[in-house]
Structure formats: C-alpha cells, structure tokens
Amino acid sequence: MLQLFCSWPGGYPHPTLHWQEEGHDLENSSWLISSTSSSDTHVETLNSSYLSHRKVFKCVGSHVVKQEEPACSVEIKVPSLELEPPKTCFVGDNVTLTCRVTESVPAARLTWLRGITQPEIEPGGRYFIAQEGNVSHLTIQNCSQGIDGGCYVCKAQNPVGLREVFVCLTVKQPTNIVGVVGAVVVLSLMAVLTISGVVLYYNPLLCLRGAAFRSQDSDDVLVLVDSEDDDDDEGNGEENTMGSSIKQEAMALVNGNSIQAAYLNCPTEGDEGEQHSVVPLQKTSGEDTQGT
C-alpha cells in the first residue's frame, strides 16, 4: 500500500486538508483503504494495485482566514537501478557487490538474492549487507569457487513497482606467475628443438655445407721452395759484396683463391752474421699458382 502525508503546521484553528488525483478527492475513490487526520496533518492509505508510474497526487488545504487554497503535489515513480559491471574474486579473498538506485518515489527497499528462484540473502556468516541511502553493498568473505560463483539479483521495490538487476561474480584460482613463466620457457625451448630437428631431418646438407666452409678456412698452407738466383740486383752495391745466396720462395695458399710470394735472401757460408732480406709481395689468383 501507499501512504500519502500532507501537513500545514502553525495555523489556528487547524486547517482542513484533503488529497486529490486528477481533480477528484481520494475519499470517494475505490482504492482508498483508510484516511486519518490529526491537528495539522492528514494521511491517506491507498491500495497499490491502482498505482502507476508517474501518477501525480495533490494535497489541497483550506483555512478560515485564507481565501485561496494552497496545494502541494507528489509524483510517484517506479525504482530505477544502475547496472553494475561483472566482478571477479580469487578463492579465499573478499568481494563487494554494489546496487544503486537512481530514481524511486517513494524510497525503494533493496534486497539481494542468490538467484531468481532463491530466497533472499540474510546477513550473517560470510555475507554482510549494508545500505546507505539509495546504495546497498553485499560483501562476501572467503570466496568459494563452487558456491559463490554465478549471478546475484539486486531487487528494488516500492509500492509503485519492482525492478531487478543482475550482478555476476566470477571466482578464480590464484594465478601462479612462476609456474606460468616456467611453462612458457619450456614450451619455447621445445619449439626451437622441434623446428631444428625437422630442418635437419629434411635438409641434412646444411650441416655438411657448414663443415665444408669451416674446413676451407682452415686449409691454409705454407710451402717453402728452394731456388737459386743467378742474377744480382742492379745498382745495389751492398748486395754485390755478399756471397752467393739462396733465395727461398714462400708461397701461402689462402682459402684456395690467392697466393703470396716472399723472397728471402739467406746468407751463405762466409757471411759475418749479416742478413739482408728483400720481401716483395705478389698476389695472384688461385688459378695462377706459380710465383715470379
């Protein structure tokens, strides 16, 4: 039912008050349950089955010393709820669900249900309910994955109507960060090894080619060839005083592509510890393997 209160304090004698709906007095309507007056206040109780959203009721007062009749009005409204986003709770933690009424005349009564067909949740145990004005908070302690997960119903009701909104809760196990990182590393190594095995299985020549390249780089040789030089260098007086010498030709084969020749003048018997060397360098292609 709906009760309408109207008050006009401070008058003497007491004023006369009555409620109207669309210009008609409610005393003569079929939805009036009771009507009471005390000094400067008048109360009428109506059957809620005749009420509708945004219906307007007006209270009109009259007094012996006031010619005009002052009035005040009230517009009744169905409750309107604000949608709450889904919540997540880890096992063993606490979580708070919120239900907010944005519009309701008269004020709505807020209740929580575990489901549409379930009874109302009573405060106590692991459930705590606190209402501040038009906001209600449901706190669940020590979340359990098998019991607390699901959608809860926030119900707002006044004599004009009823509104419900769902607030869904997901309960998860705590995430093991170390285990996740270790699993990712192991899977990455397994993937690398698998790919390497597949490549070697279908193309084993890659390893042989790599070995051939390494052996080619390490096959550098140094060859010493003895040769007699019968001609003396022109214009060099110091070399004319030296005895006959033996030129040694050093050829180095580098990577099979080029050779370098070095001529070393070695002293013969009779030279007094002096050693003169002439090192001309010549670089030719791998096909031309003879030095000058």
# chains A, B, ... in the order shown; residues from 1 in each chain; ligands from 1
>>> residues_around(residues="Phe90 of chain A", least_positions_apart="3", cutoff="9 Å", atoms="only C-alpha atoms", output="PyMOL selection string")
chain A and resi 93-95+142-145+170-174
>>> write_last_selection(atoms="all heavy atoms", output="PDB file, in the first residue's frame")
ATOM      1  N   ASP A  93      39.572 -14.765  -1.090  1.00  0.00           N
ATOM      2  CA  ASP A  93      39.529 -13.311  -0.921  1.00  0.00           C
ATOM      3  C   ASP A  93      38.102 -12.852  -0.631  1.00  0.00           C
ATOM      4  O   ASP A  93      37.149 -13.632  -0.657  1.00  0.00           O
ATOM      5  CB  ASP A  93      40.065 -12.616  -2.167  1.00  0.00           C
ATOM      6  CG  ASP A  93      41.552 -12.812  -2.331  1.00  0.00           C
ATOM      7  OD1 ASP A  93      42.198 -13.265  -1.369  1.00  0.00           O
ATOM      8  OD2 ASP A  93      42.073 -12.522  -3.437  1.00  0.00           O
ATOM      9  N   ASN A  94      37.959 -11.536  -0.405  1.00  0.00           N
ATOM     10  CA  ASN A  94      36.649 -10.925  -0.179  1.00  0.00           C
ATOM     11  C   ASN A  94      36.264 -10.080  -1.382  1.00  0.00           C
ATOM     12  O   ASN A  94      37.126  -9.533  -2.083  1.00  0.00           O
ATOM     13  CB  ASN A  94      36.660 -10.057   1.078  1.00  0.00           C
ATOM     14  CG  ASN A  94      37.040 -10.838   2.320  1.00  0.00           C
ATOM     15  OD1 ASN A  94      36.863 -12.056   2.373  1.00  0.00           O
ATOM     16  ND2 ASN A  94      37.559 -10.147   3.324  1.00  0.00           N
ATOM     17  N   VAL A  95      34.964  -9.942  -1.615  1.00  0.00           N
ATOM     18  CA  VAL A  95      34.468  -9.136  -2.729  1.00  0.00           C
ATOM     19  C   VAL A  95      33.176  -8.444  -2.289  1.00  0.00           C
ATOM     20  O   VAL A  95      32.422  -8.975  -1.464  1.00  0.00           O
ATOM     21  CB  VAL A  95      34.215 -10.016  -3.977  1.00  0.00           C
ATOM     22  CG1 VAL A  95      33.103 -11.013  -3.725  1.00  0.00           C
ATOM     23  CG2 VAL A  95      33.920  -9.163  -5.197  1.00  0.00           C
ATOM     24  N   ASN A 142      35.744 -14.777   2.040  1.00  0.00           N
ATOM     25  CA  ASN A 142      36.319 -16.096   1.771  1.00  0.00           C
ATOM     26  C   ASN A 142      35.607 -16.755   0.577  1.00  0.00           C
ATOM     27  O   ASN A 142      34.916 -17.777   0.717  1.00  0.00           O
ATOM     28  CB  ASN A 142      36.225 -16.979   3.019  1.00  0.00           C
ATOM     29  CG  ASN A 142      37.045 -18.246   2.877  1.00  0.00           C
ATOM     30  OD1 ASN A 142      37.913 -18.352   2.011  1.00  0.00           O
ATOM     31  ND2 ASN A 142      36.754 -19.236   3.715  1.00  0.00           N
ATOM     32  N   CYS A 143      35.783 -16.171  -0.591  1.00  0.00           N
ATOM     33  CA  CYS A 143      35.097 -16.651  -1.792  1.00  0.00           C
ATOM     34  C   CYS A 143      35.398 -18.122  -2.050  1.00  0.00           C
ATOM     35  O   CYS A 143      36.544 -18.565  -1.938  1.00  0.00           O
ATOM     36  CB  CYS A 143      35.523 -15.828  -3.013  1.00  0.00           C
ATOM     37  SG  CYS A 143      34.930 -14.126  -2.974  1.00  0.00           S
ATOM     38  N   SER A 144      34.365 -18.844  -2.441  1.00  0.00           N
ATOM     39  CA  SER A 144      34.488 -20.253  -2.778  1.00  0.00           C
ATOM     40  C   SER A 144      34.071 -20.443  -4.232  1.00  0.00           C
ATOM     41  O   SER A 144      33.021 -19.936  -4.659  1.00  0.00           O
ATOM     42  CB  SER A 144      33.598 -21.105  -1.866  1.00  0.00           C
ATOM     43  OG  SER A 144      33.617 -22.463  -2.266  1.00  0.00           O
ATOM     44  N   GLN A 145      34.902 -21.169  -4.994  1.00  0.00           N
ATOM     45  CA  GLN A 145      34.645 -21.318  -6.424  1.00  0.00           C
ATOM     46  C   GLN A 145      33.400 -22.142  -6.707  1.00  0.00           C
ATOM     47  O   GLN A 145      32.671 -21.886  -7.651  1.00  0.00           O
ATOM     48  CB  GLN A 145      35.860 -21.955  -7.097  1.00  0.00           C
ATOM     49  CG  GLN A 145      35.832 -21.878  -8.621  1.00  0.00           C
ATOM     50  CD  GLN A 145      37.155 -22.292  -9.218  1.00  0.00           C
ATOM     51  OE1 GLN A 145      37.961 -22.945  -8.576  1.00  0.00           O
ATOM     52  NE2 GLN A 145      37.388 -21.914 -10.463  1.00  0.00           N
ATOM     53  N   THR A 170      32.541 -13.863 -10.808  1.00  0.00           N
ATOM     54  CA  THR A 170      33.390 -14.959 -11.252  1.00  0.00           C
ATOM     55  C   THR A 170      34.457 -15.223 -10.193  1.00  0.00           C
ATOM     56  O   THR A 170      35.165 -14.303  -9.777  1.00  0.00           O
ATOM     57  CB  THR A 170      34.076 -14.624 -12.589  1.00  0.00           C
ATOM     58  OG1 THR A 170      33.064 -14.350 -13.573  1.00  0.00           O
ATOM     59  CG2 THR A 170      34.925 -15.791 -13.072  1.00  0.00           C
ATOM     60  N   VAL A 171      34.562 -16.474  -9.761  1.00  0.00           N
ATOM     61  CA  VAL A 171      35.538 -16.869  -8.748  1.00  0.00           C
ATOM     62  C   VAL A 171      36.637 -17.665  -9.446  1.00  0.00           C
ATOM     63  O   VAL A 171      36.362 -18.640 -10.149  1.00  0.00           O
ATOM     64  CB  VAL A 171      34.888 -17.699  -7.629  1.00  0.00           C
ATOM     65  CG1 VAL A 171      35.927 -18.078  -6.576  1.00  0.00           C
ATOM     66  CG2 VAL A 171      33.738 -16.930  -6.994  1.00  0.00           C
ATOM     67  N   LYS A 172      37.905 -17.241  -9.271  1.00  0.00           N
ATOM     68  CA  LYS A 172      39.036 -17.862  -9.941  1.00  0.00           C
ATOM     69  C   LYS A 172      40.072 -18.327  -8.926  1.00  0.00           C
ATOM     70  O   LYS A 172      40.146 -17.806  -7.814  1.00  0.00           O
ATOM     71  CB  LYS A 172      39.705 -16.881 -10.922  1.00  0.00           C
ATOM     72  CG  LYS A 172      38.819 -16.440 -12.072  1.00  0.00           C
ATOM     73  CD  LYS A 172      39.592 -15.499 -12.983  1.00  0.00           C
ATOM     74  CE  LYS A 172      38.756 -15.074 -14.171  1.00  0.00           C
ATOM     75  NZ  LYS A 172      39.515 -14.159 -15.074  1.00  0.00           N
ATOM     76  N   GLN A 173      40.861 -19.296  -9.355  1.00  0.00           N
ATOM     77  CA  GLN A 173      42.012 -19.720  -8.568  1.00  0.00           C
ATOM     78  C   GLN A 173      43.141 -18.698  -8.724  1.00  0.00           C
ATOM     79  O   GLN A 173      43.312 -18.127  -9.794  1.00  0.00           O
ATOM     80  CB  GLN A 173      42.496 -21.102  -9.020  1.00  0.00           C
ATOM     81  CG  GLN A 173      41.548 -22.238  -8.675  1.00  0.00           C
ATOM     82  CD  GLN A 173      41.559 -22.581  -7.193  1.00  0.00           C
ATOM     83  OE1 GLN A 173      42.437 -22.143  -6.454  1.00  0.00           O
ATOM     84  NE2 GLN A 173      40.580 -23.366  -6.766  1.00  0.00           N
ATOM     85  N   PRO A 174      43.932 -18.437  -7.682  1.00  0.00           N
ATOM     86  CA  PRO A 174      45.057 -17.502  -7.816  1.00  0.00           C
ATOM     87  C   PRO A 174      46.035 -17.988  -8.876  1.00  0.00           C
ATOM     88  O   PRO A 174      46.300 -19.185  -9.008  1.00  0.00           O
ATOM     89  CB  PRO A 174      45.695 -17.502  -6.417  1.00  0.00           C
ATOM     90  CG  PRO A 174      44.608 -17.980  -5.509  1.00  0.00           C
ATOM     91  CD  PRO A 174      43.776 -18.943  -6.298  1.00  0.00           C
TER      92      PRO A 174
END
>>> residues_around(residues="Val60 of chain A", least_positions_apart="4", cutoff="10 Å", atoms="only C-alpha atoms", output="PDB file with all heavy atoms, in the first residue's frame")
ATOM      1  N   CYS A   6       0.259  14.759   4.295  1.00  0.00           N
ATOM      2  CA  CYS A   6       0.169  16.181   3.987  1.00  0.00           C
ATOM      3  C   CYS A   6       0.077  16.947   5.305  1.00  0.00           C
ATOM      4  O   CYS A   6      -0.704  16.572   6.192  1.00  0.00           O
ATOM      5  CB  CYS A   6      -1.066  16.465   3.129  1.00  0.00           C
ATOM      6  SG  CYS A   6      -1.200  18.196   2.623  1.00  0.00           S
ATOM      7  N   TRP A   8       0.220  21.055   7.224  1.00  0.00           N
ATOM      8  CA  TRP A   8       0.219  22.520   7.142  1.00  0.00           C
ATOM      9  C   TRP A   8       0.279  23.050   8.571  1.00  0.00           C
ATOM     10  O   TRP A   8      -0.731  23.321   9.209  1.00  0.00           O
ATOM     11  CB  TRP A   8      -1.055  22.990   6.431  1.00  0.00           C
ATOM     12  CG  TRP A   8      -1.046  24.470   6.138  1.00  0.00           C
ATOM     13  CD1 TRP A   8      -0.048  25.353   6.343  1.00  0.00           C
ATOM     14  CD2 TRP A   8      -2.137  25.207   5.617  1.00  0.00           C
ATOM     15  NE1 TRP A   8      -0.406  26.615   5.965  1.00  0.00           N
ATOM     16  CE2 TRP A   8      -1.710  26.548   5.497  1.00  0.00           C
ATOM     17  CE3 TRP A   8      -3.428  24.871   5.209  1.00  0.00           C
ATOM     18  CZ2 TRP A   8      -2.538  27.566   5.011  1.00  0.00           C
ATOM     19  CZ3 TRP A   8      -4.237  25.890   4.727  1.00  0.00           C
ATOM     20  CH2 TRP A   8      -3.799  27.221   4.618  1.00  0.00           C
ATOM     21  N   THR A  16      -7.995  22.453   7.129  1.00  0.00           N
ATOM     22  CA  THR A  16      -8.609  21.261   6.560  1.00  0.00           C
ATOM     23  C   THR A  16      -7.782  20.822   5.347  1.00  0.00           C
ATOM     24  O   THR A  16      -7.510  21.626   4.453  1.00  0.00           O
ATOM     25  CB  THR A  16     -10.048  21.537   6.135  1.00  0.00           C
ATOM     26  OG1 THR A  16     -10.794  21.994   7.274  1.00  0.00           O
ATOM     27  CG2 THR A  16     -10.701  20.297   5.560  1.00  0.00           C
ATOM     28  N   LEU A  17      -7.388  19.542   5.339  1.00  0.00           N
ATOM     29  CA  LEU A  17      -6.532  19.007   4.273  1.00  0.00           C
ATOM     30  C   LEU A  17      -7.229  17.821   3.617  1.00  0.00           C
ATOM     31  O   LEU A  17      -7.877  17.022   4.299  1.00  0.00           O
ATOM     32  CB  LEU A  17      -5.174  18.561   4.830  1.00  0.00           C
ATOM     33  CG  LEU A  17      -4.360  19.634   5.569  1.00  0.00           C
ATOM     34  CD1 LEU A  17      -3.148  18.993   6.236  1.00  0.00           C
ATOM     35  CD2 LEU A  17      -3.913  20.722   4.600  1.00  0.00           C
ATOM     36  N   HIS A  18      -7.053  17.677   2.291  1.00  0.00           N
ATOM     37  CA  HIS A  18      -7.563  16.508   1.590  1.00  0.00           C
ATOM     38  C   HIS A  18      -6.726  16.262   0.334  1.00  0.00           C
ATOM     39  O   HIS A  18      -6.179  17.185  -0.258  1.00  0.00           O
ATOM     40  CB  HIS A  18      -9.056  16.677   1.224  1.00  0.00           C
ATOM     41  CG  HIS A  18      -9.320  17.905   0.431  1.00  0.00           C
ATOM     42  ND1 HIS A  18      -9.448  19.162   0.995  1.00  0.00           N
ATOM     43  CD2 HIS A  18      -9.493  18.077  -0.924  1.00  0.00           C
ATOM     44  CE1 HIS A  18      -9.678  20.062   0.055  1.00  0.00           C
ATOM     45  NE2 HIS A  18      -9.704  19.423  -1.119  1.00  0.00           N
ATOM     46  N   TRP A  19      -6.632  14.992  -0.055  1.00  0.00           N
ATOM     47  CA  TRP A  19      -5.840  14.565  -1.215  1.00  0.00           C
ATOM     48  C   TRP A  19      -6.738  14.423  -2.428  1.00  0.00           C
ATOM     49  O   TRP A  19      -7.874  13.972  -2.340  1.00  0.00           O
ATOM     50  CB  TRP A  19      -5.157  13.231  -0.934  1.00  0.00           C
ATOM     51  CG  TRP A  19      -3.913  13.346  -0.077  1.00  0.00           C
ATOM     52  CD1 TRP A  19      -3.843  13.166   1.261  1.00  0.00           C
ATOM     53  CD2 TRP A  19      -2.605  13.674  -0.536  1.00  0.00           C
ATOM     54  NE1 TRP A  19      -2.570  13.361   1.701  1.00  0.00           N
ATOM     55  CE2 TRP A  19      -1.780  13.671   0.598  1.00  0.00           C
ATOM     56  CE3 TRP A  19      -2.053  13.988  -1.772  1.00  0.00           C
ATOM     57  CZ2 TRP A  19      -0.422  13.961   0.552  1.00  0.00           C
ATOM     58  CZ3 TRP A  19      -0.705  14.269  -1.834  1.00  0.00           C
ATOM     59  CH2 TRP A  19       0.117  14.254  -0.686  1.00  0.00           C
ATOM     60  N   GLN A  20      -6.122  14.790  -3.612  1.00  0.00           N
ATOM     61  CA  GLN A  20      -6.838  14.686  -4.867  1.00  0.00           C
ATOM     62  C   GLN A  20      -5.980  13.962  -5.908  1.00  0.00           C
ATOM     63  O   GLN A  20      -4.746  13.969  -5.816  1.00  0.00           O
ATOM     64  CB  GLN A  20      -7.206  16.079  -5.412  1.00  0.00           C
ATOM     65  CG  GLN A  20      -8.186  16.865  -4.570  1.00  0.00           C
ATOM     66  CD  GLN A  20      -8.476  18.219  -5.161  1.00  0.00           C
ATOM     67  OE1 GLN A  20      -7.823  18.655  -6.126  1.00  0.00           O
ATOM     68  NE2 GLN A  20      -9.460  18.926  -4.595  1.00  0.00           N
ATOM     69  N   ASP A  25     -11.361  14.046  -5.349  1.00  0.00           N
ATOM     70  CA  ASP A  25     -10.939  13.704  -3.994  1.00  0.00           C
ATOM     71  C   ASP A  25     -10.812  12.195  -3.837  1.00  0.00           C
ATOM     72  O   ASP A  25     -11.640  11.424  -4.345  1.00  0.00           O
ATOM     73  CB  ASP A  25     -11.967  14.228  -2.972  1.00  0.00           C
ATOM     74  CG  ASP A  25     -11.935  15.740  -2.867  1.00  0.00           C
ATOM     75  OD1 ASP A  25     -10.919  16.334  -3.292  1.00  0.00           O
ATOM     76  OD2 ASP A  25     -12.925  16.327  -2.395  1.00  0.00           O
ATOM     77  N   GLU A  69      -6.647  28.527  -1.781  1.00  0.00           N
ATOM     78  CA  GLU A  69      -6.338  27.212  -1.245  1.00  0.00           C
ATOM     79  C   GLU A  69      -4.933  26.786  -1.699  1.00  0.00           C
ATOM     80  O   GLU A  69      -4.731  26.474  -2.874  1.00  0.00           O
ATOM     81  CB  GLU A  69      -7.363  26.172  -1.702  1.00  0.00           C
ATOM     82  CG  GLU A  69      -8.756  26.425  -1.155  1.00  0.00           C
ATOM     83  CD  GLU A  69      -9.717  25.328  -1.568  1.00  0.00           C
ATOM     84  OE1 GLU A  69      -9.388  24.577  -2.523  1.00  0.00           O
ATOM     85  OE2 GLU A  69     -10.791  25.219  -0.961  1.00  0.00           O
ATOM     86  N   PRO A  70      -3.969  26.831  -0.792  1.00  0.00           N
ATOM     87  CA  PRO A  70      -2.614  26.379  -1.169  1.00  0.00           C
ATOM     88  C   PRO A  70      -2.614  24.875  -1.411  1.00  0.00           C
ATOM     89  O   PRO A  70      -3.443  24.143  -0.854  1.00  0.00           O
ATOM     90  CB  PRO A  70      -1.771  26.753   0.034  1.00  0.00           C
ATOM     91  CG  PRO A  70      -2.724  26.795   1.172  1.00  0.00           C
ATOM     92  CD  PRO A  70      -4.050  27.236   0.627  1.00  0.00           C
ATOM     93  N   ALA A  71      -1.667  24.428  -2.271  1.00  0.00           N
ATOM     94  CA  ALA A  71      -1.596  22.999  -2.630  1.00  0.00           C
ATOM     95  C   ALA A  71      -0.139  22.587  -2.821  1.00  0.00           C
ATOM     96  O   ALA A  71       0.740  23.414  -3.118  1.00  0.00           O
ATOM     97  CB  ALA A  71      -2.392  22.733  -3.893  1.00  0.00           C
ATOM     98  N   CYS A  72       0.107  21.331  -2.641  1.00  0.00           N
ATOM     99  CA  CYS A  72       1.409  20.717  -2.941  1.00  0.00           C
ATOM    100  C   CYS A  72       1.128  19.373  -3.594  1.00  0.00           C
ATOM    101  O   CYS A  72       0.056  18.788  -3.400  1.00  0.00           O
ATOM    102  CB  CYS A  72       2.274  20.555  -1.701  1.00  0.00           C
ATOM    103  SG  CYS A  72       1.548  19.514  -0.428  1.00  0.00           S
ATOM    104  N   SER A  73       2.084  18.889  -4.401  1.00  0.00           N
ATOM    105  CA  SER A  73       1.854  17.652  -5.159  1.00  0.00           C
ATOM    106  C   SER A  73       3.064  16.731  -5.052  1.00  0.00           C
ATOM    107  O   SER A  73       4.177  17.159  -4.720  1.00  0.00           O
ATOM    108  CB  SER A  73       1.566  17.963  -6.631  1.00  0.00           C
ATOM    109  OG  SER A  73       2.662  18.622  -7.221  1.00  0.00           O
TER     110      SER A  73
END
>>> residues_around(residues="His14 of chain A", least_positions_apart="3", cutoff="7 Å", atoms="only C-alpha atoms", output="ChimeraX atom specification")
/A:11,39-40
>>> closest_residue(among="A:Cys151, A:Pro13, A:Glu22, A:Phe166", to="Val65 of chain A", atoms="only C-alpha atoms")
A:Pro13
>>> residues_around(residues="Ala108 of chain A", least_positions_apart="5", cutoff="8 Å", atoms="only C-alpha atoms", output="PyMOL selection string")
chain A and resi 79+101+134+156-158
>>> closest_residue(among="A:Phe5, A:Tyr50, A:Tyr202, A:Phe57", to="Ser37 of chain A", atoms="only C-alpha atoms")
A:Phe5
>>> closest_residue(among="A:Gln67, A:Thr45, A:Ser29, A:Ser34", to="Met1 of chain A", atoms="only C-alpha atoms")
A:Thr45
>>> closest_residue(among="A:Pro15, A:Gly182, A:Gly115, A:Pro106", to="Cys168 of chain A", atoms="only C-alpha atoms")
A:Gly115
>>> residues_around(residues="Thr139 of chain A", least_positions_apart="2", cutoff="8 Å", atoms="only C-alpha atoms", output="list in words")
Asn94, Val95, Thr96, Leu97, Arg126, Tyr127, Phe128, Ile129, His137 and Gln141 of chain A
>>> closest_residue(among="A:Glu164, A:Asp148, A:Glu68, A:Glu75", to="Lys87 of chain A", atoms="only C-alpha atoms")
A:Asp148
>>> select_by_dssp(residues="segment 25-74 of chain A", states="strand (DSSP E)", output="JSON, numbers by chain")
{"A": [25, 32, 33, 34, 35, 36, 37, 38, 41, 42, 43, 44, 45, 46, 56, 57, 58, 59, 60, 61, 62, 71, 72, 73, 74]}
>>> atom_distance(atom1="atom CA of Ala183 of chain A", atom2="atom CA of Gly197 of chain A")
21.0 Å
>>> atom_distance(atom1="atom CA of Glu84 of chain A", atom2="atom CA of Val167 of chain A")
6.0 Å
>>> closest_residue(among="A:Gln3, A:Ser136, A:Asn47, A:Thr175", to="Glu82 of chain A", atoms="only C-alpha atoms")
A:Ser136
>>> select_by_dssp(residues="segment 37-231 of chain A", states="alpha helix (DSSP H)", output="JSON, numbers by chain")
{"A": [177, 178, 179, 180, 181, 182, 183, 184, 185, 186, 187, 188, 189, 190, 191, 192, 193, 194, 195, 196, 197, 198, 199, 200, 201, 202, 205, 206, 207, 208, 209, 210, 211, 212, 213, 214, 215, 216, 217, 218]}
>>> atom_distance(atom1="atom CA of Arg109 of chain A", atom2="atom CA of Ser30 of chain A")
26.6 Å
>>> decode(residues="segment 117-184 of chain A", atoms="C-alpha atoms", output="compact mmCIF listing (two decimals), in the first residue's frame")
# COMPACT_ATOMS: atom_id res chain seq x y z
CA THR A 117 14.28 -18.64 -7.62
CA GLN A 118 16.38 -18.47 -4.43
CA PRO A 119 15.29 -16.85 -1.16
CA GLU A 120 16.67 -13.52 -0.04
CA ILE A 121 20.19 -13.47 1.38
CA GLU A 122 20.14 -12.83 5.11
CA PRO A 123 23.09 -11.01 6.70
CA GLY A 124 25.32 -13.31 8.71
CA GLY A 125 28.04 -15.89 8.28
CA ARG A 126 30.11 -14.99 5.20
CA TYR A 127 27.54 -12.44 3.93
CA PHE A 128 27.32 -8.81 5.06
CA ILE A 129 24.72 -6.32 3.76
CA ALA A 130 24.97 -2.58 4.34
CA GLN A 131 22.63 0.07 2.89
CA GLU A 132 23.46 3.76 2.76
CA GLY A 133 20.62 5.82 1.35
CA ASN A 134 19.90 4.51 -2.13
CA VAL A 135 23.00 2.25 -2.29
CA SER A 136 23.25 -1.32 -0.99
CA HIS A 137 26.51 -3.30 -0.60
CA LEU A 138 26.73 -7.08 -0.40
CA THR A 139 30.12 -8.31 0.90
CA ILE A 140 31.11 -11.96 0.50
CA GLN A 141 34.02 -13.19 2.60
CA ASN A 142 36.32 -16.10 1.77
CA CYS A 143 35.10 -16.65 -1.79
CA SER A 144 34.49 -20.25 -2.78
CA GLN A 145 34.64 -21.32 -6.42
CA GLY A 146 31.97 -23.98 -6.13
CA ILE A 147 29.48 -21.95 -4.06
CA ASP A 148 29.80 -18.22 -4.68
CA GLY A 149 30.29 -18.08 -8.44
CA GLY A 150 27.31 -17.01 -10.55
CA CYS A 151 24.86 -14.11 -10.91
CA TYR A 152 23.24 -12.34 -7.97
CA VAL A 153 19.98 -10.42 -8.13
CA CYS A 154 19.53 -6.96 -6.63
CA LYS A 155 15.84 -6.25 -6.15
CA ALA A 156 14.41 -2.77 -5.58
CA GLN A 157 10.73 -2.50 -4.71
CA ASN A 158 8.34 0.25 -3.71
CA PRO A 159 4.51 0.42 -3.80
CA VAL A 160 4.62 1.57 -7.42
CA GLY A 161 6.60 -1.33 -8.84
CA LEU A 162 9.58 -3.68 -8.77
CA ARG A 163 12.90 -3.62 -10.62
CA GLU A 164 15.71 -6.18 -10.66
CA VAL A 165 19.28 -6.14 -11.92
CA PHE A 166 21.87 -8.92 -12.22
CA VAL A 167 25.39 -8.62 -10.80
CA CYS A 168 27.60 -11.52 -11.97
CA LEU A 169 30.53 -12.80 -9.95
CA THR A 170 33.39 -14.96 -11.25
CA VAL A 171 35.54 -16.87 -8.75
CA LYS A 172 39.04 -17.86 -9.94
CA GLN A 173 42.01 -19.72 -8.57
CA PRO A 174 45.06 -17.50 -7.82
CA THR A 175 47.49 -17.40 -10.73
CA ASN A 176 50.95 -18.94 -10.21
CA ILE A 177 53.21 -16.46 -12.02
CA VAL A 178 56.39 -18.53 -11.55
CA GLY A 179 54.73 -21.64 -12.96
CA VAL A 180 53.39 -19.76 -15.97
CA VAL A 181 56.81 -18.26 -16.81
CA GLY A 182 58.50 -21.66 -16.43
CA ALA A 183 55.93 -23.31 -18.68
CA VAL A 184 56.44 -20.63 -21.35
